[in-house]
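Asks: As input, take target.txt (compact mmCIF, C-alpha atoms):
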# COMPACT_ATOMS: atom_id res chain seq x y z
CA MET T 13 29.78 -23.01 12.12
CA VAL T 14 30.90 -19.78 13.80
CA LEU T 15 33.00 -17.70 11.45
CA ARG T 16 35.48 -16.64 14.10
CA GLY T 17 36.42 -18.74 17.05
CA VAL T 18 37.10 -15.77 19.30
CA GLN T 19 34.61 -12.90 19.44
CA VAL T 20 36.23 -9.69 18.22
CA ALA T 21 32.99 -8.03 17.19
CA ARG T 22 34.04 -4.63 18.47
CA ARG T 23 37.66 -4.72 17.26
CA VAL T 24 39.29 -5.35 13.90
CA LEU T 25 42.84 -5.22 12.59
CA LEU T 26 43.95 -2.36 10.43
CA ALA T 27 46.16 -2.90 7.41
CA GLY T 28 49.27 -1.87 9.31
CA GLY T 29 48.62 -4.39 12.07
CA LEU T 30 47.22 -1.87 14.57
CA ALA T 31 43.87 -2.36 16.25
CA ALA T 32 41.07 0.18 16.41
CA THR T 33 37.68 0.18 18.10
CA ALA T 34 35.01 -0.34 15.46
CA VAL T 35 32.01 1.67 16.62
CA GLY T 36 31.43 3.32 19.96
CA VAL T 37 28.52 5.34 21.20
CA SER T 38 29.47 8.06 18.72
CA GLY T 39 28.40 5.73 15.93
CA ILE T 40 31.47 6.56 13.78
CA PRO T 41 33.59 3.50 13.01
CA VAL T 42 37.28 3.41 12.15
CA TRP T 43 37.94 0.47 9.86
CA ALA T 44 40.45 -0.53 7.29
CA SER T 45 39.36 0.45 3.80
CA SER T 46 38.87 -2.62 1.62
CA SER T 47 36.46 -3.79 -1.03
CA ARG T 48 36.09 -7.03 0.95
CA ARG T 49 36.07 -6.90 4.72
CA ALA T 50 36.45 -9.57 7.38
CA ALA T 51 33.18 -11.21 8.36
CA PRO T 52 31.79 -10.56 11.84
CA GLU T 53 31.21 -13.49 14.14
CA ILE T 54 27.83 -15.00 13.21
CA ALA T 55 26.37 -18.15 14.78
CA SER T 56 24.89 -20.45 12.13
CA THR T 57 21.51 -22.18 12.23
CA SER T 58 23.28 -25.38 13.27
CA ASP T 59 24.97 -23.53 16.14
CA TRP T 60 21.64 -22.50 17.63
CA GLN T 61 19.98 -25.82 16.77
CA ALA T 62 17.39 -24.53 14.35
CA ARG T 63 14.60 -26.70 13.04
CA GLU T 64 14.82 -27.74 9.42
CA PRO T 65 12.71 -25.64 7.03
CA SER T 66 9.34 -27.14 6.15
CA SER T 67 10.09 -26.53 2.44
CA PRO T 68 13.30 -25.78 0.53
CA VAL T 69 14.67 -22.30 1.07
CA GLN T 70 14.82 -20.33 -2.18
CA VAL T 71 18.16 -18.85 -3.25
CA LEU T 72 17.88 -16.15 -5.91
CA ASP T 73 20.60 -15.63 -8.50
CA VAL T 74 20.66 -11.88 -7.84
CA LYS T 75 22.32 -9.71 -5.24
CA PRO T 76 20.16 -7.86 -2.71
CA VAL T 77 20.18 -4.08 -3.07
CA LYS T 78 18.66 -3.06 0.29
CA ILE T 79 18.85 -3.81 4.00
CA VAL T 80 15.68 -3.68 6.12
CA VAL T 81 16.04 -3.15 9.87
CA HIS T 82 13.44 -4.63 12.28
CA HIS T 83 12.94 -5.00 16.00
CA THR T 84 11.60 -8.25 17.44
CA ALA T 85 9.00 -6.52 19.64
CA THR T 86 10.03 -8.88 22.44
CA PRO T 87 10.86 -7.79 26.02
CA ASN T 88 14.07 -5.79 26.50
CA SER T 89 15.89 -8.58 28.29
CA GLU T 90 18.84 -7.90 30.57
CA ASP T 91 20.31 -11.30 29.65
CA THR T 92 23.08 -10.51 27.19
CA SER T 93 24.52 -14.02 26.93
CA GLN T 94 24.96 -15.94 23.72
CA GLU T 95 22.80 -18.71 25.17
CA HIS T 96 19.93 -16.26 25.52
CA ALA T 97 20.46 -15.05 21.96
CA MET T 98 20.24 -18.61 20.66
CA GLU T 99 17.07 -19.28 22.65
CA LEU T 100 15.59 -16.11 21.16
CA ALA T 101 16.43 -17.37 17.67
CA ARG T 102 14.60 -20.64 18.40
CA GLN T 103 11.57 -18.79 19.74
CA ILE T 104 11.41 -16.58 16.65
CA GLN T 105 11.65 -19.57 14.33
CA ASP T 106 8.88 -21.38 16.22
CA PHE T 107 6.65 -18.32 15.96
CA HIS T 108 7.32 -17.78 12.28
CA MET T 109 6.76 -21.41 11.35
CA ASP T 110 3.95 -22.34 13.74
CA SER T 111 1.98 -19.07 13.93
CA ASN T 112 2.79 -17.29 10.66
CA GLY T 113 2.91 -20.49 8.65
CA TRP T 114 6.25 -19.65 7.05
CA ILE T 115 8.73 -22.29 5.92
CA ASP T 116 11.47 -21.03 8.23
CA THR T 117 12.58 -17.96 10.16
CA GLY T 118 11.52 -14.89 8.17
CA GLN T 119 14.58 -12.67 8.55
CA ASN T 120 18.06 -13.38 7.23
CA PHE T 121 19.88 -12.48 10.44
CA THR T 122 19.17 -11.79 14.12
CA ASN T 123 21.05 -9.35 16.37
CA SER T 124 20.73 -9.68 20.15
CA ARG T 125 20.81 -7.02 22.86
CA GLY T 126 24.16 -8.47 23.88
CA GLY T 127 25.57 -7.90 20.39
CA TRP T 128 25.48 -11.56 19.34
CA LEU T 129 24.79 -12.08 15.64
CA LEU T 130 22.96 -15.18 14.41
CA GLU T 131 21.93 -16.56 11.05
CA GLY T 132 18.15 -16.45 10.63
CA ARG T 133 16.75 -18.21 7.58
CA HIS T 134 18.80 -21.25 6.54
CA LYS T 135 21.56 -20.67 3.96
CA SER T 136 21.66 -16.92 4.65
CA LEU T 137 25.14 -17.10 6.18
CA SER T 138 26.84 -19.13 3.46
CA VAL T 139 25.17 -17.08 0.72
CA LEU T 140 26.21 -13.79 2.36
CA THR T 141 29.76 -15.08 2.71
CA ALA T 142 29.87 -15.90 -1.02
CA GLY T 143 28.40 -12.50 -1.87
CA GLU T 144 26.77 -13.43 -5.19
CA GLN T 145 23.20 -14.55 -4.41
CA HIS T 146 20.31 -13.77 -2.10
CA VAL T 147 18.22 -15.94 0.22
CA LEU T 148 14.56 -15.02 -0.17
CA GLY T 149 13.16 -14.16 3.26
CA ALA T 150 9.69 -13.31 4.58
CA HIS T 151 10.23 -10.10 6.52
CA ALA T 152 9.07 -7.11 4.46
CA GLY T 153 6.42 -8.00 1.90
CA GLU T 154 7.31 -7.23 -1.72
CA GLN T 155 10.80 -6.12 -0.60
CA ASN T 156 11.82 -9.67 0.29
CA SER T 157 13.18 -10.43 -3.17
CA GLU T 158 15.67 -7.57 -3.05
CA SER T 159 16.43 -6.93 0.62
CA LEU T 160 18.23 -8.52 3.56
CA GLY T 161 16.28 -8.48 6.82
CA ILE T 162 17.86 -8.00 10.25
CA GLU T 163 15.81 -8.59 13.41
CA ASN T 164 17.15 -6.66 16.41
CA GLU T 165 16.14 -8.05 19.79
CA GLY T 166 13.89 -5.84 21.85
CA THR T 167 11.18 -3.20 21.58
CA TYR T 168 12.37 0.30 20.69
CA ILE T 169 9.21 2.35 20.82
CA ASP T 170 10.75 4.44 23.58
CA ALA T 171 13.64 2.36 24.96
CA LYS T 172 17.31 3.16 24.34
CA VAL T 173 19.21 0.97 21.89
CA PRO T 174 21.96 -0.93 23.77
CA ASP T 175 25.49 -0.05 22.67
CA ALA T 176 26.37 -3.70 22.07
CA LEU T 177 23.39 -4.19 19.76
CA TRP T 178 24.14 -0.94 17.93
CA ASP T 179 27.80 -1.82 17.38
CA SER T 180 27.01 -5.27 16.02
CA LEU T 181 24.27 -3.83 13.78
CA VAL T 182 26.75 -1.37 12.25
CA GLU T 183 29.29 -4.15 11.81
CA LEU T 184 26.81 -6.52 10.14
CA CYS T 185 25.45 -3.82 7.81
CA ALA T 186 28.98 -2.77 6.86
CA TYR T 187 29.81 -6.37 5.98
CA MET T 188 26.65 -6.70 3.89
CA VAL T 189 27.48 -3.47 2.06
CA ALA T 190 30.99 -4.71 1.34
CA GLN T 191 29.84 -8.15 0.17
CA TYR T 192 27.12 -6.97 -2.19
CA GLY T 193 28.00 -3.38 -3.06
CA ILE T 194 24.80 -2.12 -1.43
CA GLU T 195 24.69 1.67 -1.08
CA PRO T 196 24.65 2.72 2.62
CA GLY T 197 21.69 4.95 1.82
CA GLU T 198 19.71 1.81 0.98
CA ILE T 199 19.29 0.86 4.65
CA TYR T 200 15.63 1.18 5.63
CA GLY T 201 13.24 0.49 8.47
CA HIS T 202 10.38 -1.98 8.11
CA ARG T 203 7.88 0.90 8.37
CA ASP T 204 9.27 2.43 5.18
CA PHE T 205 7.52 -0.34 3.24
CA MET T 206 4.72 -1.62 5.47
CA ALA T 207 2.13 -0.14 7.85
CA THR T 208 3.98 -0.99 11.07
CA GLU T 209 5.80 0.83 13.87
CA CYS T 210 8.75 -1.57 13.43
CA PRO T 211 11.64 -1.04 14.19
CA GLY T 212 10.30 1.33 16.86
CA ASP T 213 10.58 5.12 17.02
CA VAL T 214 13.94 5.13 18.81
CA LEU T 215 15.78 2.70 16.54
CA TYR T 216 14.08 4.17 13.46
CA ALA T 217 15.26 7.67 14.41
CA ARG T 218 18.84 6.37 14.44
CA LEU T 219 18.74 4.99 10.89
CA PRO T 220 20.31 8.17 9.42
CA GLU T 221 23.14 7.71 11.92
CA LEU T 222 23.40 4.03 10.97
CA ARG T 223 23.67 4.89 7.27
CA GLU T 224 26.40 7.43 8.03
CA ALA T 225 28.35 4.97 10.19
CA VAL T 226 28.17 2.29 7.52
CA GLY T 227 29.05 4.85 4.84
CA ALA T 228 32.11 5.88 6.83
CA ALA T 229 33.16 2.24 7.06
CA ALA T 230 32.70 1.82 3.30
CA GLY T 231 34.30 5.14 2.41
CA LYS T 232 31.13 6.28 0.64
CA VAL T 233 29.12 9.47 0.67
CA VAL T 234 25.64 8.68 1.96
CA ALA T 235 22.48 9.86 0.23
CA GLN T 236 19.74 9.72 2.86
CA PRO T 237 16.56 8.30 1.29
CA VAL T 238 13.18 10.02 1.07
CA VAL T 239 10.52 7.69 2.49
CA TRP T 240 6.77 7.61 3.04
CA PRO T 241 5.48 8.88 6.41
CA LEU T 242 3.80 6.60 8.93
CA LEU T 243 0.45 7.88 10.20
CA ARG T 244 -1.07 6.56 13.43
CA ALA T 245 -3.22 7.59 16.38
CA GLY T 246 -2.15 11.08 17.40
CA SER T 247 -0.94 12.10 13.93
CA ALA T 248 -2.29 15.44 12.78
CA GLY T 249 -1.56 18.14 10.26
CA PRO T 250 -1.28 18.63 6.49
CA ARG T 251 -0.15 15.08 5.74
CA VAL T 252 -3.27 13.70 7.42
CA SER T 253 -5.43 16.22 5.53
CA ALA T 254 -3.79 15.11 2.28
CA LEU T 255 -4.51 11.47 3.13
CA GLN T 256 -8.13 12.29 3.88
CA LEU T 257 -8.52 14.13 0.56
CA LEU T 258 -6.94 11.22 -1.31
CA LEU T 259 -9.32 8.82 0.42
CA ARG T 260 -12.29 11.02 -0.51
CA ALA T 261 -11.07 11.00 -4.11
CA ARG T 262 -11.47 7.21 -3.96
CA GLY T 263 -15.06 7.60 -2.84
CA GLU T 264 -14.46 7.05 0.88
CA SER T 265 -16.47 9.01 3.44
CA VAL T 266 -13.94 10.57 5.81
CA PRO T 267 -13.66 14.02 7.39
CA VAL T 268 -11.03 16.49 6.21
CA ASP T 269 -9.95 17.80 9.60
CA GLY T 270 -6.24 16.94 9.61
CA VAL T 271 -6.69 14.48 12.50
CA PHE T 272 -5.92 10.76 12.16
CA GLY T 273 -8.99 9.83 14.16
CA GLY T 274 -11.39 6.91 14.36
CA ARG T 275 -13.06 7.02 10.94
CA THR T 276 -9.86 7.95 9.10
CA GLN T 277 -7.93 5.20 10.91
CA GLU T 278 -10.61 2.66 10.06
CA VAL T 279 -10.70 3.48 6.36
CA ALA T 280 -6.92 3.91 6.03
CA GLY T 281 -6.27 0.64 7.86
CA ARG T 282 -8.66 -1.23 5.60
CA LEU T 283 -7.07 0.29 2.51
CA ALA T 284 -3.58 -0.59 3.76
CA GLY T 285 -4.69 -4.21 3.94
CA GLU T 286 -6.19 -4.10 0.46
CA LEU T 287 -2.98 -2.63 -0.93
CA GLY T 288 -0.76 -5.26 0.71
CA ALA T 289 0.81 -2.87 3.18
CA THR T 290 -0.02 -5.11 6.16
CA GLY T 291 0.54 -8.77 6.81
CA ALA T 292 1.86 -11.33 9.25
CA GLU T 293 4.31 -9.78 11.67
CA CYS T 294 7.99 -10.42 11.03
CA SER T 295 8.72 -9.98 14.72
CA GLY T 296 9.37 -12.62 17.32
CA THR T 297 6.06 -11.98 19.04
CA ARG T 298 2.81 -10.79 17.52
CA VAL T 299 1.95 -7.18 18.38
CA ALA T 300 -1.40 -5.78 17.24
CA GLU T 301 -0.93 -2.59 15.22
CA PRO T 302 -4.38 -1.45 14.10
CA GLY T 303 -5.14 1.78 12.28
CA LEU T 304 -1.70 2.50 10.85
CA PHE T 305 -1.06 3.85 7.37
CA GLY T 306 2.30 4.00 5.62
CA GLY T 307 4.76 2.30 3.30
CA ARG T 308 3.36 0.82 0.13
CA GLY T 309 -0.10 2.00 1.17
CA TRP T 310 0.94 5.42 -0.11
CA ASP T 311 2.24 3.85 -3.32
CA GLY T 312 -1.20 2.45 -4.03
CA LEU T 313 -3.00 5.65 -3.10
CA VAL T 314 -1.20 8.54 -4.79
CA PRO T 315 -2.04 9.10 -8.49
CA VAL T 316 -0.09 10.94 -11.16
CA VAL T 317 -1.80 14.32 -11.54
CA GLY T 318 -1.07 17.35 -13.70
CA GLY T 319 -2.37 20.41 -15.50
CA GLY T 320 -6.11 20.53 -16.11
CA ALA T 321 -6.99 18.12 -13.29
CA SER T 322 -9.45 19.04 -10.57
CA GLY T 323 -11.03 17.68 -7.41
CA ASP T 324 -9.86 16.30 -4.07
CA VAL T 325 -6.57 14.92 -5.40
CA VAL T 326 -5.60 18.41 -6.52
CA ARG T 327 -6.71 19.79 -3.15
CA ALA T 328 -4.35 17.29 -1.50
CA VAL T 329 -1.43 18.60 -3.54
CA GLN T 330 -2.42 22.20 -2.78
CA THR T 331 -2.64 21.45 0.96
CA LEU T 332 0.92 20.11 0.97
CA LEU T 333 2.31 22.95 -1.15
CA ILE T 334 0.69 25.60 1.04
CA SER T 335 1.93 23.94 4.23
CA GLY T 336 5.43 24.11 2.75
CA GLY T 337 5.15 27.85 2.27
CA ARG T 338 4.30 27.95 -1.44
CA TYR T 339 1.39 30.06 -2.57
CA VAL T 340 -1.33 28.41 -4.62
CA ALA T 341 -5.06 28.92 -4.51
CA ALA T 342 -6.87 26.19 -2.56
CA ASP T 343 -9.43 25.84 -5.34
CA ALA T 344 -9.04 22.16 -6.33
CA ARG T 345 -7.91 23.22 -9.84
CA PHE T 346 -4.53 22.30 -11.38
CA SER T 347 -4.13 25.67 -13.09
CA ASP T 348 -1.19 27.08 -15.05
CA ARG T 349 -0.13 28.87 -11.86
CA MET T 350 -0.08 25.56 -10.00
CA VAL T 351 1.97 23.92 -12.77
CA SER T 352 4.55 26.66 -12.26
CA VAL T 353 4.61 26.19 -8.49
CA VAL T 354 4.99 22.42 -8.84
CA ARG T 355 7.88 22.96 -11.25
CA GLU T 356 9.54 25.31 -8.74
CA PHE T 357 9.07 22.75 -5.98
CA GLN T 358 10.55 19.97 -8.09
CA ALA T 359 13.57 22.08 -8.99
CA SER T 360 14.22 22.93 -5.33
CA ALA T 361 13.92 19.24 -4.37
CA GLY T 362 16.29 18.03 -7.08
CA LEU T 363 13.54 16.21 -8.96
CA ALA T 364 12.80 16.05 -12.67
CA VAL T 365 11.08 19.35 -13.47
CA THR T 366 7.86 18.35 -15.24
CA GLY T 367 5.05 20.24 -13.51
CA VAL T 368 3.35 16.85 -13.04
CA VAL T 369 2.96 15.38 -9.54
CA ASP T 370 4.34 11.85 -9.84
CA ARG T 371 5.35 9.34 -7.15
CA ALA T 372 8.69 11.01 -6.39
CA THR T 373 7.02 14.42 -6.09
CA TRP T 374 4.32 13.06 -3.76
CA GLN T 375 7.02 11.51 -1.61
CA ARG T 376 8.89 14.81 -1.32
CA LEU T 377 5.68 16.74 -0.62
CA LEU T 378 4.79 14.33 2.19
CA ALA T 379 8.30 14.20 3.70
Translate the structure of the given file into structure tokens.

Replies:
Amino acid sequence: MVLRGVQVARRVLLAGGLAATAVGVSGIPVWASSSRRAAPEIASTSDWQAREPSSPVQVLDVKPVKIVVHHTATPNSEDTSQEHAMELARQIQDFHMDSNGWIDTGQNFTNSRGGWLLEGRHKSLSVLTAGEQHVLGAHAGEQNSESLGIENEGTYIDAKVPDALWDSLVELCAYMVAQYGIEPGEIYGHRDFMATECPGDVLYARLPELREAVGAAAGKVVAQPVVWPLLRAGSAGPRVSALQLLLRARGESVPVDGVFGGRTQEVAGRLAGELGATGAECSGTRVAEPGLFGGRGWDGLVPVVGGGASGDVVRAVQTLLISGGRYVAADARFSDRMVSVVREFQASAGLAVTGVVDRATWQRLLA
């Protein structure tokens, strides 16, 4: 079923009966404040004639706490019709089931360049409407059990995001936030968890704006998240040097030149696979993405390190502190002086002040 018979995706009614445009190119919506908001128009799997899943879709008795934004990595079509959007949904499902070997479409919802919203994995629409459970998808690795996935049609490596797609993305995310109580700051890109360029540099760069737009709709202050960096061909600087030192600490033979070049890419890409940071593409068409490092790859690489430690791991911390303008000796020793500097850094970043470099401290150092 379609939740609204007439498409009003860019306009909603305010409490006093007046109408207001939801989100324009400014990205700031004006919506009625309510703990439960009207659902956007979303075409169901039956509307777009989806295949039946090859196995039962799993519904978890928990609410999702995150939203993960993807792009389909398909051509940036000029066809903005609903018919095209439905054909895209069928193509994605065929790819996910026949090439990836998944039981159904991987994402929970699809958003077309024309602003048409569609249910992805079966049951996602009815479960979202009820607002109490979560349909387990296959779009973002270990995040699937706690996140909703939205595929946005197109490739946004360097292409502009269409206004219609942007407006419907804000509307869908705002509805998800209202249904489940998700914090607007818990909207992420696929690359925040996996070694992938998805959802493309352009769309990814607009995620802070998306969080703010959804936060405005929900009447919430937005805390922008701190995420792991994505390293790829052309990356250079202290973060790459830190990665190289961390790899050397694991016994890998890589240069420490601050350049994400051939040998570093090779070793980092292999490690990303070993750590589960890569996998079958969630997108509608397979795009080879060799030699990337990011997401949970960092989680599996950074150790907890503190006073008395020595070696390349300590050098990695020192490299990042020095690049941030803090003076420590680059001597690979976690001295009392370095403990003090780490404590100062943690205090300035709003972290627990321990003098020990834990996951949260690594993430801030690498930001």

Asks: Quick one: pull the distance between CA of Lys78 (chain T) and CA of Phe305 (chain T), Å, one decimal.

Replies: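 Taking CA of Lys78 (chain T) and CA of Phe305 (chain T), their separation equals 22.1 Å.
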
Asks: Using 10 Å as the limit and counting only C-alpha atoms, can you tabulate each residue of region 144-255 of chain T that touches region 51-60 of chain T, with its shortest atom-to-atom distance in Å and the two atoms involved, as a tab-separated table?

Replies:
residue	atom	partner	partner_atom	distance
T:Ser180	CA	T:Pro52	CA	8.3
T:Glu183	CA	T:Pro52	CA	6.9
T:Leu184	CA	T:Pro52	CA	6.6
T:Ala186	CA	T:Ala51	CA	9.5
T:Tyr187	CA	T:Ala51	CA	6.4
T:Met188	CA	T:Ala51	CA	9.1
T:Ala190	CA	T:Ala51	CA	9.8
T:Gln191	CA	T:Ala51	CA	9.4

Asks: Rank T:Glu209, T:Ala254, T:Cys185, T:Ile104 by their smallest atom-to-atom distance to Gly227 (chain T), using all atoms listed in the file, and report the top residue only.

Replies: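 Closest to Gly227 (chain T) of all the choices is T:Cys185.
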
Asks: (20.3, -13.4, -6.4) in this file's frame - what residues fall within 7 Å of it? Use only C-alpha atoms and give the answer as an NGL selection string.

Replies: :T and (71-76 or 144-146)

Asks: Kindly indicate which residue among T:Ala50, T:Ile79, T:Leu148, T:Pro237 lies nearest to Val189 (chain T), using only C-alpha atoms for the distances.

Replies: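 Closest to Val189 (chain T), using only C-alpha atoms: T:Ile79.
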
Asks: I'd like to know which of T:Thr366, T:Thr167, T:Gln358, T:Ser265 is closest to Gly318 (chain T), using all atoms listed in the file.

Replies: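 Residue with the minimum atom-to-atom distance to Gly318 (chain T): T:Thr366.
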
Asks: Counting only C-alpha atoms, which of T:Leu332, T:Leu313, T:Lys232, T:Arg345 gets nearest to Gly270 (chain T)?

Replies: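 Among the listed residues, the smallest separation from Gly270 (chain T) belongs to T:Leu332.
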
Asks: Near Ala328 (chain T), counting all atoms listed in the file, which residues have an atom at most 9 Å away, once you skip same-chain residues fewer than 2 positions from it, shown as a compact mmCIF listing (two decimals) with C-alpha atoms, in the coordinates of the input?

Replies:
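The file below, result38.txt, is the result:
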# COMPACT_ATOMS: atom_id res chain seq x y z
CA PRO T 250 -1.28 18.63 6.49
CA ARG T 251 -0.15 15.08 5.74
CA SER T 253 -5.43 16.22 5.53
CA ALA T 254 -3.79 15.11 2.28
CA LEU T 255 -4.51 11.47 3.13
CA GLN T 256 -8.13 12.29 3.88
CA LEU T 257 -8.52 14.13 0.56
CA LEU T 258 -6.94 11.22 -1.31
CA GLY T 323 -11.03 17.68 -7.41
CA ASP T 324 -9.86 16.30 -4.07
CA VAL T 325 -6.57 14.92 -5.40
CA VAL T 326 -5.60 18.41 -6.52
CA GLN T 330 -2.42 22.20 -2.78
CA THR T 331 -2.64 21.45 0.96
CA LEU T 332 0.92 20.11 0.97
CA LEU T 333 2.31 22.95 -1.15
CA ALA T 344 -9.04 22.16 -6.33
